[in-house]
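Source file: input_19.cif. Holds: mmCIF, C-alpha atoms.
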data_structure
#
loop_
_atom_site.label_atom_id
_atom_site.label_comp_id
_atom_site.auth_asym_id
_atom_site.auth_seq_id
_atom_site.Cartn_x
_atom_site.Cartn_y
_atom_site.Cartn_z
CA MET A 1 -119.98 45.71 16.15
CA ALA A 2 -121.02 43.30 13.40
CA ASP A 3 -119.31 43.38 10.03
CA THR A 4 -122.54 42.64 8.22
CA PRO A 5 -124.86 45.31 6.79
CA THR A 6 -128.11 46.23 8.51
CA LEU A 7 -131.38 46.61 6.60
CA LEU A 8 -133.16 49.84 7.55
CA PRO A 9 -136.43 51.20 6.13
CA LEU A 10 -136.59 54.53 4.30
CA LEU A 11 -138.70 56.86 6.46
CA GLU A 12 -138.61 60.15 4.59
CA ILE A 13 -137.27 62.01 1.57
CA LEU A 14 -136.90 65.77 2.13
CA TRP A 15 -136.22 67.97 -0.90
CA HIS A 16 -134.13 71.04 0.00
CA SER A 17 -133.93 72.30 -3.62
CA PRO A 18 -134.52 70.85 -7.08
CA GLU A 19 -131.08 69.23 -6.95
CA PHE A 20 -130.46 68.46 -3.26
CA TYR A 21 -132.38 66.18 -0.96
CA GLU A 22 -132.07 64.33 2.32
CA ILE A 23 -133.10 60.80 3.14
CA ARG A 24 -133.90 59.58 6.60
CA LEU A 25 -133.73 55.93 7.53
CA ALA A 26 -135.02 54.28 10.69
CA ARG A 27 -132.18 54.29 13.19
CA GLY A 28 -132.42 50.71 14.31
CA THR A 29 -129.59 49.76 16.63
CA LEU A 30 -126.83 51.27 14.51
CA ASP A 31 -124.30 53.13 16.67
CA PHE A 32 -121.89 55.61 15.10
CA MET A 33 -119.60 58.48 15.96
CA PRO A 34 -120.13 61.94 14.45
CA GLY A 35 -118.04 62.12 11.30
CA ASP A 36 -118.63 58.47 10.34
CA CYS A 37 -119.63 57.22 6.90
CA VAL A 38 -121.63 54.18 5.85
CA ALA A 39 -122.14 52.50 2.50
CA LEU A 40 -125.78 52.56 1.40
CA GLN A 41 -126.94 49.82 -0.95
CA LEU A 42 -130.24 49.36 -2.74
CA PRO A 43 -131.76 45.92 -3.39
CA SER A 44 -130.52 46.33 -6.99
CA GLY A 45 -126.96 46.08 -5.67
CA LYS A 46 -126.00 49.74 -6.33
CA SER A 47 -123.88 51.03 -3.46
CA ARG A 48 -122.10 54.28 -2.46
CA PRO A 49 -120.53 55.68 0.71
CA TYR A 50 -122.26 58.63 2.40
CA SER A 51 -121.43 60.66 5.51
CA ILE A 52 -124.00 60.55 8.27
CA ALA A 53 -125.67 63.95 8.82
CA SER A 54 -127.70 63.08 11.91
CA GLY A 55 -126.53 63.24 15.49
CA PRO A 56 -125.83 60.06 17.44
CA THR A 57 -128.97 60.48 19.56
CA ASP A 58 -131.36 61.36 16.70
CA PRO A 59 -134.05 58.68 16.15
CA TRP A 60 -133.15 58.43 12.44
CA LEU A 61 -130.08 58.30 10.19
CA ALA A 62 -129.92 61.28 7.82
CA PHE A 63 -127.92 61.57 4.59
CA LEU A 64 -127.57 64.57 2.26
CA LEU A 65 -127.51 63.86 -1.46
CA ARG A 66 -127.21 65.75 -4.71
CA ARG A 67 -129.36 64.15 -7.39
CA MET A 68 -127.09 63.30 -10.29
CA PRO A 69 -129.06 62.09 -13.33
CA GLY A 70 -127.56 58.75 -14.27
CA GLY A 71 -125.65 58.71 -10.97
CA GLY A 72 -124.76 55.48 -9.29
CA LEU A 73 -127.18 55.85 -6.38
CA SER A 74 -128.36 59.44 -5.91
CA ASP A 75 -130.74 59.30 -8.89
CA HIS A 76 -132.30 56.10 -7.53
CA LEU A 77 -132.59 56.80 -3.80
CA CYS A 78 -134.90 59.76 -4.33
CA GLN A 79 -137.34 57.56 -6.24
CA VAL A 80 -137.66 54.49 -4.03
CA PRO A 81 -140.91 54.08 -2.10
CA LEU A 82 -141.00 54.88 1.59
CA GLY A 83 -140.51 51.71 3.59
CA THR A 84 -137.97 50.28 1.14
CA LEU A 85 -135.22 48.47 3.01
CA ILE A 86 -131.81 50.03 2.43
CA SER A 87 -128.69 48.06 3.28
CA VAL A 88 -126.40 50.07 5.57
CA SER A 89 -122.81 48.98 6.18
CA PRO A 90 -121.18 49.25 9.58
CA PRO A 91 -119.91 52.81 10.18
CA PHE A 92 -116.38 53.71 9.15
CA GLY A 93 -114.25 56.83 8.85
CA TRP A 94 -111.49 58.86 10.40
CA PHE A 95 -112.99 62.35 10.84
CA ARG A 96 -112.98 62.85 14.62
CA PRO A 97 -113.23 66.56 15.41
CA ALA A 98 -113.76 66.00 19.13
CA ALA A 99 -110.27 64.57 19.39
CA GLY A 100 -107.06 66.57 19.18
CA ASP A 101 -106.10 70.15 19.67
CA TRP A 102 -108.36 73.14 19.23
CA PRO A 103 -108.99 75.65 17.70
CA ARG A 104 -109.86 74.39 14.22
CA VAL A 105 -111.20 75.68 10.91
CA PHE A 106 -113.67 73.51 8.98
CA LEU A 107 -114.07 73.49 5.19
CA ALA A 108 -116.91 71.85 3.24
CA THR A 109 -118.58 71.99 -0.13
CA SER A 110 -122.01 70.84 -1.20
CA THR A 111 -123.21 67.72 0.64
CA GLY A 112 -119.79 67.50 2.29
CA ILE A 113 -121.38 69.54 5.07
CA ALA A 114 -123.03 66.31 6.36
CA PRO A 115 -120.32 65.24 8.85
CA PHE A 116 -120.22 68.79 10.26
CA LEU A 117 -123.99 68.63 10.81
CA SER A 118 -123.49 65.38 12.70
CA VAL A 119 -120.82 67.01 14.87
CA VAL A 120 -122.88 70.10 15.68
CA ARG A 121 -125.98 67.98 16.40
CA ALA A 122 -123.90 65.86 18.78
CA GLY A 123 -122.54 68.89 20.65
CA ILE A 124 -119.26 67.05 21.21
CA CYS A 125 -116.75 69.80 20.56
CA PRO A 126 -116.39 73.55 20.88
CA PRO A 127 -117.24 75.65 17.84
CA PRO A 128 -114.45 75.93 15.29
CA LEU A 129 -112.80 79.30 14.68
CA ALA A 130 -114.69 79.28 11.37
CA CYS A 131 -116.61 76.99 9.08
CA PHE A 132 -116.35 77.78 5.37
CA TYR A 133 -119.05 76.26 3.18
CA GLY A 134 -118.82 76.47 -0.61
CA VAL A 135 -121.88 75.97 -2.81
CA ARG A 136 -123.06 77.05 -6.25
CA GLN A 137 -126.22 78.94 -5.24
CA ARG A 138 -127.92 80.04 -2.04
CA GLN A 139 -130.50 77.29 -2.30
CA ASP A 140 -127.70 74.71 -2.25
CA ALA A 141 -126.47 75.78 1.21
CA LEU A 142 -128.06 72.95 3.17
CA TYR A 143 -128.73 73.79 6.82
CA ALA A 144 -126.72 77.03 6.56
CA ARG A 145 -128.99 78.93 8.94
CA TYR A 146 -128.97 76.07 11.43
CA LEU A 147 -125.15 75.96 11.38
CA ALA A 148 -124.81 79.75 11.53
CA GLU A 149 -126.87 79.81 14.74
CA ARG A 150 -124.28 77.55 16.36
CA TRP A 151 -120.94 78.16 14.63
CA PRO A 152 -119.18 81.04 12.85
CA LEU A 153 -120.18 80.21 9.26
CA THR A 154 -119.14 81.77 5.96
CA VAL A 155 -120.93 80.60 2.82
CA ALA A 156 -119.15 81.14 -0.50
CA LEU A 157 -121.22 81.06 -3.70
CA SER A 158 -119.66 80.19 -7.04
CA ARG A 159 -122.64 80.93 -9.31
CA GLU A 160 -124.15 83.97 -7.58
CA THR A 161 -122.55 87.28 -6.79
CA SER A 162 -123.86 88.03 -3.31
CA PRO A 163 -122.97 85.93 -0.25
CA LEU A 164 -125.62 84.19 1.79
CA GLN A 165 -126.41 86.14 4.91
CA ALA A 166 -127.04 83.25 7.28
#
Rewritten as structure tokens:
Amino acid sequence: MADTPTLLPLLEILWHSPEFYEIRLARGTLDFMPGDCVALQLPSGKSRPYSIASGPTDPWLAFLLRRMPGGGLSDHLCQVPLGTLISVSPPFGWFRPAAGDWPRVFLATSTGIAPFLSVVRAGICPPPLACFYGVRQRQDALYARYLAERWPLTVALSRETSPLQA
């Protein structure tokens, strides 16, 4: 695998709530393992690492982001025109849920659910005993219903009193 970044066009921006969105880039020839991260960089030079949310056979690369006004990259990525070339580093990371002993319990908050989405989309490991997902509000629970259809999922809300019934 090359050590140089790959330029991939922005295909889509999907808003899940006023604060959370997903970007999808053309897949190109980038190979990765579920749980990997990449560094995304705009032509302006701003760069940040993000976990890949898509599965290894999906035709795009998906990333979940929380728009942070004034943020290093999240405030900019949601405003770039479709077709903009985004620099993507070679994949890196150490989260390998398919390896090792089972059973497991998974914990995630906010957009940290992205590597778990990649794992479930890949179908590479048995379901964990439980997946706990902490978010502020129901609308922030990205792909909760999708995950709950496949894994035992508990969503914990910090700013609302009733739990999400996925």
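Counting from atom CA of A:His16, the distance to atom CA of A:Pro115 is 17.4 Å.
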- So how far away is atom CA of A:Ser158 from atom CA of A:Ala53, in Å?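 So the answer is 23.5 Å.
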- Message: What's the separation between atom CA of A:Glu12 and atom CA of A:Pro127, in Å to one decimal place?
- Response: 29.5 Å
- Please identify all polymer residues within 9 Å of A:Gly28, counting all atoms listed in the file, omitting same-chain residues fewer than 4 positions from it, and present them as a list of chain:residue names. A:Thr6, A:Leu7, A:Leu8, A:Pro59, A:Trp60, A:Leu61
Restricted to C-alpha atoms, what would the selected residues look like written as an mmCIF file, in the frame of the given file?
data_model
loop_
_atom_site.group_PDB
_atom_site.id
_atom_site.type_symbol
_atom_site.label_atom_id
_atom_site.label_comp_id
_atom_site.auth_asym_id
_atom_site.auth_seq_id
_atom_site.Cartn_x
_atom_site.Cartn_y
_atom_site.Cartn_z
ATOM 1 C CA THR A 6 -128.110 46.230 8.510
ATOM 2 C CA LEU A 7 -131.380 46.610 6.600
ATOM 3 C CA LEU A 8 -133.160 49.840 7.550
ATOM 4 C CA PRO A 59 -134.050 58.680 16.150
ATOM 5 C CA TRP A 60 -133.150 58.430 12.440
ATOM 6 C CA LEU A 61 -130.080 58.300 10.190
#
- Message: Would you pick out the contacts of A:Gln137 at 9 Å or less, using only C-alpha atoms, so that residues sharing its chain but fewer than 4 positions from it are not included, and give the list as a VMD selection string?
- Response: chain A and resid 141 156 to 160 164
Restrict the selected residues to C-alpha atoms and save them as an mmCIF file, in the coordinates of the input.
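What ended up in selection-v3.cif:
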data_model
loop_
_atom_site.group_PDB
_atom_site.id
_atom_site.type_symbol
_atom_site.label_atom_id
_atom_site.label_comp_id
_atom_site.auth_asym_id
_atom_site.auth_seq_id
_atom_site.Cartn_x
_atom_site.Cartn_y
_atom_site.Cartn_z
ATOM 1 C CA ALA A 141 -126.470 75.780 1.210
ATOM 2 C CA ALA A 156 -119.150 81.140 -0.500
ATOM 3 C CA LEU A 157 -121.220 81.060 -3.700
ATOM 4 C CA SER A 158 -119.660 80.190 -7.040
ATOM 5 C CA ARG A 159 -122.640 80.930 -9.310
ATOM 6 C CA GLU A 160 -124.150 83.970 -7.580
ATOM 7 C CA LEU A 164 -125.620 84.190 1.790
#
- Where does the PyMOL selection byres ((chain A and resi 133) around 12) land in this file, that is, which residues does it pick, as an MDAnalysis selection string? chainID A and resid 105:114 116:117 130:132 134:138 140:145 147:148 151:158 163:164 166
- Pick the closest to A:Arg67 from A:Leu42, A:Val80, A:Tyr21, A:Val88: which is it, counting only C-alpha atoms?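 Between A:Leu42, A:Val80, A:Tyr21, A:Val88, the residue approaching A:Arg67 most closely is A:Tyr21.
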- Counting only C-alpha atoms, figure out which residue out of A:Val120, A:Thr161, A:Ser44, A:Asp36 gets nearest to A:Thr84.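 Distance minimum relative to A:Thr84 lands on A:Ser44.
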- Apply the PyMOL selection byres ((chain A and resi 92) around 8) to the structure shown and report the selected residues as a ChimeraX atom specification. /A:36-38,90-91,93-94
- Task: Compute the distance from (-126.7, 59.7, -6.9) to each atom, counting only C-alpha atoms, keep the residues with any atom at most 12 Å away, and return them as an MDAnalysis selection string; use the coordinates of the file.
- Result: chainID A and resid 19:23 40:42 46:50 63:79 111
- Of the listed residues A:Pro56, A:Ser51, A:Trp102, A:Pro5, that which approaches A:Gly35 most closely, counting only C-alpha atoms: A:Ser51
- Message: Which residues would end up in the selection if the PyMOL selection byres ((chain A and resi 125) around 10) were applied here, given that I need the answer as a list in words?
- Response: Arg96, Pro97, Ala98, Ala99, Trp102, Val119, Val120, Ala122, Gly123, Ile124, Pro126, Pro127 and Pro128 of chain A
- Of the listed residues A:Arg121, A:Glu149, A:Ile86, A:Arg104, that which approaches A:Gly45 most closely, counting all atoms listed in the file: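 For A:Gly45, the nearest of the given residues is A:Ile86.
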